[in-house]
file final07.cif (mmCIF, C-alpha atoms and all ligand atoms)
data_target
loop_
_atom_site.label_atom_id
_atom_site.label_comp_id
_atom_site.auth_asym_id
_atom_site.auth_seq_id
_atom_site.Cartn_x
_atom_site.Cartn_y
_atom_site.Cartn_z
CA MET Z 248 2.61 6.63 -13.86
CA SER Z 249 -0.74 5.12 -12.96
CA LEU Z 250 -1.82 4.18 -9.46
CA MET Z 251 -1.58 0.52 -10.39
CA GLU Z 252 2.02 0.88 -11.57
CA GLN Z 253 2.94 2.70 -8.36
CA CYS Z 254 1.39 -0.09 -6.26
CA TYR Z 255 3.17 -2.69 -8.35
CA ARG Z 256 6.52 -0.93 -7.94
CA LYS Z 257 6.00 -0.67 -4.21
CA TYR Z 258 5.18 -4.38 -4.05
CA ILE Z 259 8.34 -5.30 -5.98
CA CYS Z 260 10.47 -3.05 -3.74
CA TRP Z 261 9.13 -4.68 -0.57
CA LEU Z 262 9.55 -8.13 -2.12
CA CYS Z 263 13.22 -7.43 -2.89
CA VAL Z 264 13.93 -6.03 0.59
CA THR Z 265 12.17 -9.04 2.11
CA ILE Z 266 14.28 -11.48 0.10
CA VAL Z 267 17.44 -9.64 1.15
CA VAL Z 268 16.57 -9.54 4.84
CA MET Z 269 15.07 -13.00 5.20
CA PHE Z 270 17.03 -14.99 2.63
CA VAL Z 271 20.32 -13.26 1.79
CA LEU Z 272 21.23 -12.12 5.32
CA PRO Z 273 21.15 -15.65 6.81
CA PHE Z 274 23.29 -16.74 3.86
CA ALA Z 275 25.80 -13.96 4.56
CA VAL Z 276 25.85 -14.79 8.25
CA ALA Z 277 26.28 -18.50 7.61
CA ARG Z 278 29.03 -18.09 5.04
CA LEU Z 279 31.01 -15.00 5.95
CA SER Z 280 31.40 -15.04 9.68
CA SER Z 281 33.67 -17.04 11.95
CA GLU Z 282 32.22 -19.60 14.35
CA CYS Z 283 31.95 -17.33 17.37
CA SER Z 284 30.73 -14.08 15.90
CA GLY Z 285 28.53 -16.15 13.59
CA MET Z 286 26.56 -17.37 16.56
CA ALA Z 287 26.10 -13.84 17.90
CA LEU Z 288 25.04 -12.61 14.47
CA CYS Z 289 22.56 -15.48 14.18
CA LEU Z 290 21.01 -14.61 17.50
CA MET Z 291 20.77 -10.97 16.49
CA LEU Z 292 19.20 -11.94 13.19
CA PHE Z 293 16.68 -14.38 14.62
CA PHE Z 294 15.67 -12.47 17.75
CA ILE Z 295 16.03 -8.81 16.81
CA ILE Z 296 16.28 -8.08 13.09
CA ASN Z 297 13.79 -10.62 11.76
CA PRO Z 298 10.98 -9.89 14.27
CA ILE Z 299 11.40 -6.13 13.82
CA TYR Z 300 11.47 -6.48 10.06
CA SER Z 301 8.34 -8.69 10.16
CA ALA Z 302 6.52 -5.99 12.12
CA ILE Z 303 7.62 -3.20 9.76
CA LEU Z 304 6.71 -5.26 6.71
CA GLY Z 305 3.30 -6.20 8.13
CA PHE Z 306 2.57 -2.59 9.04
CA ASN Z 307 3.28 -1.43 5.49
CA CYS Z 308 1.31 -4.28 3.94
CA GLY Z 309 -1.70 -3.26 6.02
CA LYS Z 310 -1.85 0.01 4.09
CA ASN Z 311 -2.56 -1.88 0.89
CA ILE Z 312 -3.83 -5.30 1.93
CA ARG Z 313 -5.46 -6.05 -1.40
CA ARG Z 314 -2.11 -6.18 -3.18
CA MET Z 315 0.41 -6.85 -0.42
CA TRP Z 316 -1.38 -9.30 1.90
CA ASN Z 317 0.88 -12.20 0.89
CA LEU Z 318 4.24 -10.59 1.71
CA PRO Z 319 4.38 -11.69 5.39
CA LEU Z 320 3.88 -15.25 4.14
CA VAL Z 321 6.55 -14.85 1.45
CA SER Z 322 8.84 -13.42 4.12
CA SER Z 323 8.44 -16.44 6.42
CA ILE Z 324 8.90 -18.90 3.58
CA ALA Z 325 12.04 -17.05 2.42
CA PHE Z 326 13.40 -17.26 5.96
CA LEU Z 327 12.66 -20.97 6.21
CA ALA Z 328 14.11 -21.72 2.78
CA GLY Z 329 17.22 -19.68 3.58
CA THR Z 330 17.93 -21.21 6.96
CA TRP Z 331 17.25 -24.77 5.84
CA LEU Z 332 19.48 -24.32 2.80
CA PHE Z 333 22.38 -22.46 4.39
CA PHE Z 334 22.57 -23.98 7.85
CA ASP Z 335 22.41 -27.51 6.52
CA ILE Z 336 20.09 -28.70 9.23
CA LYS Z 337 16.36 -29.19 8.93
CA GLU Z 338 16.02 -27.76 12.41
CA ILE Z 339 12.41 -27.75 13.64
CA TRP Z 340 13.06 -24.52 15.56
CA PHE Z 341 13.35 -22.61 12.31
CA LEU Z 342 9.79 -23.62 11.55
CA ILE Z 343 8.71 -22.17 14.88
CA TYR Z 344 10.65 -18.94 14.23
CA ALA Z 345 9.08 -18.69 10.78
CA THR Z 346 5.63 -19.13 12.31
CA VAL Z 347 6.34 -16.48 14.94
CA TYR Z 348 7.50 -14.03 12.24
CA LEU Z 349 4.34 -14.77 10.28
CA VAL Z 350 2.16 -14.09 13.32
CA ILE Z 351 4.05 -10.83 14.03
CA GLY Z 352 3.65 -9.79 10.39
CA LEU Z 353 -0.04 -10.58 10.22
CA SER Z 354 -0.74 -8.86 13.55
CA ALA Z 355 1.08 -5.72 12.43
CA MET Z 356 -0.87 -5.86 9.17
CA GLY Z 357 -4.17 -6.05 11.07
CA ILE Z 358 -3.25 -3.15 13.37
CA SER Z 359 -2.12 -0.98 10.48
CA LYS Z 360 -5.29 -1.74 8.51
CA TYR Z 361 -7.39 -0.80 11.54
CA VAL Z 362 -5.48 2.46 12.13
CA ASP Z 363 -5.72 3.30 8.43
CA LYS Z 364 -9.43 2.68 8.33
CA SER Z 365 -10.22 4.92 11.30
CA LYS Z 366 -8.06 7.64 9.72
CA LYS Z 367 -9.91 7.34 6.45
CA SER Z 368 -13.50 7.83 7.56
CA PHE Z 369 -15.67 9.48 4.94
CA PRO Z 370 -14.93 13.24 5.04
CA PHE Z 371 -17.48 14.78 2.64
CA SER Z 372 -20.67 16.43 3.84
CA ASP Z 373 -22.50 14.95 0.83
CA THR Z 374 -23.77 11.44 1.55
CA PRO Z 375 -21.52 8.53 0.46
CA ASN Z 376 -24.05 7.40 -2.19
CA THR Z 377 -24.12 10.82 -3.92
CA ALA Z 378 -23.84 10.27 -7.67
CA VAL Z 379 -20.68 11.77 -9.16
CA ILE Z 380 -19.17 11.87 -12.63
CA THR Z 381 -15.87 10.19 -13.35
CA CYS Z 382 -14.20 8.67 -16.41
CA THR Z 383 -13.39 5.19 -17.65
CA HIS Z 384 -9.65 5.97 -17.40
CA ILE Z 385 -9.98 6.25 -13.64
CA VAL Z 386 -12.46 3.42 -13.10
CA ASP Z 387 -11.13 0.89 -15.62
CA ASP Z 388 -7.52 1.89 -16.24
CA LYS Z 389 -6.86 2.96 -12.62
CA GLU Z 390 -5.37 6.28 -13.67
CA PRO Z 391 -4.99 8.89 -10.91
CA ILE Z 392 -7.59 11.59 -10.27
CA LEU Z 393 -5.99 14.86 -11.39
CA PHE Z 394 -9.01 17.12 -11.92
CA VAL Z 395 -11.93 17.68 -9.56
CA SER Z 396 -14.79 20.09 -10.06
CA HIS Z 397 -17.80 20.96 -7.94
CA ASP Z 398 -20.30 22.42 -10.38
CA GLU Z 399 -21.93 25.77 -9.78
CA ASP Z 400 -25.44 25.03 -11.07
CA ASP Z 401 -26.25 21.57 -9.68
CA GLY Z 402 -23.50 20.90 -7.11
CA MET Z 403 -22.38 17.87 -9.12
CA TRP Z 404 -18.89 16.55 -8.34
CA GLN Z 405 -16.63 15.47 -11.21
CA PHE Z 406 -13.47 13.42 -10.68
CA LEU Z 407 -11.47 13.15 -13.90
CA CYS Z 408 -8.02 12.11 -15.05
CA GLY Z 409 -7.14 15.41 -16.72
CA ARG Z 410 -7.39 14.24 -20.34
CA GLU Z 411 -9.86 15.36 -23.01
CA HIS Z 412 -13.08 13.36 -22.78
CA SER Z 413 -15.99 12.40 -24.99
CA ASP Z 414 -19.42 11.39 -23.67
CA ASP Z 415 -18.45 7.71 -24.00
CA ASP Z 416 -15.71 8.14 -21.40
CA ALA Z 417 -18.10 9.31 -18.68
CA LYS Z 418 -19.14 7.10 -15.80
CA ILE Z 419 -21.55 7.71 -12.96
CA VAL Z 420 -20.42 6.25 -9.63
CA SER Z 421 -20.94 7.06 -5.97
CA LEU Z 422 -18.82 9.58 -4.07
CA LYS Z 423 -17.83 6.77 -1.72
CA TYR Z 424 -16.58 4.69 -4.65
CA VAL Z 425 -14.26 7.50 -5.78
CA PHE Z 426 -13.08 8.13 -2.23
CA GLU Z 427 -12.25 4.43 -1.82
CA LEU Z 428 -10.19 4.59 -5.02
CA ASP Z 429 -8.17 7.54 -3.79
CA HIS Z 430 -8.37 8.87 -0.23
CA THR Z 431 -6.29 11.94 -1.08
CA ILE Z 432 -9.37 13.60 -2.59
CA GLY Z 433 -10.67 13.92 0.98
CA VAL Z 434 -8.76 17.20 1.34
CA LEU Z 435 -11.17 18.71 -1.21
CA LYS Z 436 -14.22 18.05 0.95
CA ASN Z 437 -14.83 21.80 1.38
CA LEU Z 438 -14.36 22.72 -2.28
CA PRO Z 439 -17.20 25.23 -2.85
CA CYS Z 440 -19.63 24.95 -5.77
CA GLY Z 441 -18.25 26.73 -8.83
CA TYR Z 442 -14.64 25.79 -8.06
CA CYS Z 443 -12.29 23.17 -9.44
CA ALA Z 444 -8.99 21.68 -8.34
CA GLU Z 445 -6.13 20.37 -10.45
CA ARG Z 446 -2.82 18.66 -9.78
CA GLU Z 447 0.04 17.41 -11.93
CA SER Z 448 0.35 13.99 -10.32
CA LEU Z 449 -0.78 11.99 -7.30
CA ASN Z 450 2.00 13.48 -5.18
CA ASP Z 451 1.47 17.11 -6.16
CA LYS Z 452 -0.61 19.64 -4.29
CA TRP Z 453 -4.05 20.66 -5.56
CA ARG Z 454 -4.34 24.05 -7.29
CA ILE Z 455 -7.81 25.45 -6.69
CA SER Z 456 -9.43 27.91 -9.06
CA GLN Z 457 -12.84 29.33 -9.90
CA GLN Z 458 -14.55 27.75 -12.90
ZN ZN Z 501 -10.28 10.25 -18.10
#

call {"tool": "encode", "arguments": {"input": "final07.cif", "output": "structure tokens"}}
result
Amino acid sequence: MSLMEQCYRKYICWLCVTIVVMFVLPFAVARLSSECSGMALCLMLFFIINPIYSAILGFNCGKNIRRMWNLPLVSSIAFLAGTWLFFDIKEIWFLIYATVYLVIGLSAMGISKYVDKSKKSFPFSDTPNTAVITCTHIVDDKEPILFVSHDEDDGMWQFLCGREHSDDDAKIVSLKYVFELDHTIGVLKNLPCGYCAERESLNDKWRISQQ
């Protein structure tokens, strides 16, 4: 599975959970509970579950802002749509709640992005603009990096997808560019010249061997 597919799956998962929490739960509360416990459940939903969920959602979106930035917004809209539909009143307070959830979500997203960024400072001793070899599958098709070599003779780094390659597949990019694509290669920062590292998939450990 390519990196793009994994991101897409993750997005869909979060979207479904968001719809359940922000849209289906208010429906369940409005329809299934008796008057008295319904009120208590509403309060719990509006003041505990929804704010906490907004924070968790925002924090996870911050790890992949490029794809998931819009989920806090979707979450607030789902909440508003749900409450307005199921509670039968176009209560202005729901708009305020939705705005508060959005602010919580966006703040959590910002914090998580900031934490992530400081964690992912450039780890290699080579300069970020060092030219490295990669392949079109990784750059254009967003396939995962599964083979890394640090060449003996010229110290050249290669980041490849693990397939067979012809000269047409090669691309020269900067080390920083590859690191931005996939931060997990940072663990190979001390790979000595003349060694290579392989893994089966994004989630597997690197196996290091001499070339
Ligand atoms: Zn390739």

call {"tool": "residues_near_ligand", "arguments": {"input": "final07.cif", "ligand": "ligand ZN 501 (chain Z)", "cutoff": "8 Å", "atoms": "all atoms listed in the file", "output": "PyMOL selection string"}}
result
chain Z and resi 381-385+390+407-412+416-417

call {"tool": "closest_atom_pairs", "arguments": {"input": "final07.cif", "of": "region 330-400 of chain Z", "to": "region 320-323 of chain Z", "cutoff": "8 Å", "atoms": "all atoms listed in the file", "output": "JSON lines"}}
result
{"residue": "Z:Ala345", "atom": "CA", "partner": "Z:Ser323", "partner_atom": "CA", "distance": 4.9}
{"residue": "Z:Thr346", "atom": "CA", "partner": "Z:Ser323", "partner_atom": "CA", "distance": 7.1}
{"residue": "Z:Tyr348", "atom": "CA", "partner": "Z:Ser323", "partner_atom": "CA", "distance": 6.4}
{"residue": "Z:Leu349", "atom": "CA", "partner": "Z:Ser323", "partner_atom": "CA", "distance": 5.9}

call {"tool": "atom_distance", "arguments": {"input": "final07.cif", "atom1": "CA of Thr377 (chain Z)", "atom2": "CA of Gln458 (chain Z)"}}
result
21.4 Å

call {"tool": "closest_residue", "arguments": {"input": "final07.cif", "among": "Z:Leu332, Z:Ala355, Z:Leu435, Z:Leu342", "to": "Tyr300 (chain Z)", "atoms": "only C-alpha atoms"}}
result
Z:Ala355

call {"tool": "atom_distance", "arguments": {"input": "final07.cif", "atom1": "CA of Ser359 (chain Z)", "atom2": "CA of Ser448 (chain Z)"}}
result
25.7 Å

call {"tool": "residues_around", "arguments": {"input": "final07.cif", "residues": "Cys263 (chain Z)", "least_positions_apart": "4", "cutoff": "12 Å", "atoms": "all atoms listed in the file", "output": "list of chain:residue names"}}
result
Z:Arg256, Z:Lys257, Z:Tyr258, Z:Ile259, Z:Val267, Z:Val268, Z:Met269, Z:Phe270, Z:Val271, Z:Leu304, Z:Leu318, Z:Val321, Z:Ser322, Z:Ala325

call {"tool": "atom_distance", "arguments": {"input": "final07.cif", "atom1": "CA of Trp340 (chain Z)", "atom2": "CA of Leu327 (chain Z)"}}
result
10.0 Å

call {"tool": "closest_residue", "arguments": {"input": "final07.cif", "among": "Z:Leu272, Z:Trp261, Z:Asp363, Z:Phe294", "to": "Pro319 (chain Z)", "atoms": "all atoms listed in the file"}}
result
Z:Trp261

call {"tool": "residues_around", "arguments": {"input": "final07.cif", "residues": "Val425 (chain Z)", "least_positions_apart": "6", "cutoff": "9 Å", "atoms": "all atoms listed in the file", "output": "ChimeraX atom specification"}}
result
/Z:379,381,386,406,432

call {"tool": "residues_near_point", "arguments": {"input": "final07.cif", "point": "(17.3, -22.2, 3.5)", "cutoff": "10 Å", "atoms": "only C-alpha atoms", "output": "MDAnalysis selection string"}}
result
chainID Z and resid 269:271 273:274 324:337 341

call {"tool": "residues_around", "arguments": {"input": "final07.cif", "residues": "Lys360 (chain Z)", "least_positions_apart": "5", "cutoff": "10 Å", "atoms": "only C-alpha atoms", "output": "PyMOL selection string"}}
result
chain Z and resi 305-312+354-355+365-366

call {"tool": "closest_residue", "arguments": {"input": "final07.cif", "among": "Z:Arg446, Z:Leu438, Z:Leu290, Z:Val264", "to": "Gly402 (chain Z)", "atoms": "only C-alpha atoms"}}
result
Z:Leu438

call {"tool": "residues_around", "arguments": {"input": "final07.cif", "residues": "Phe371 (chain Z)", "least_positions_apart": "2", "cutoff": "10 Å", "atoms": "all atoms listed in the file", "output": "ChimeraX atom specification"}}
result
/Z:368-369,373-375,422-423,426,432-438
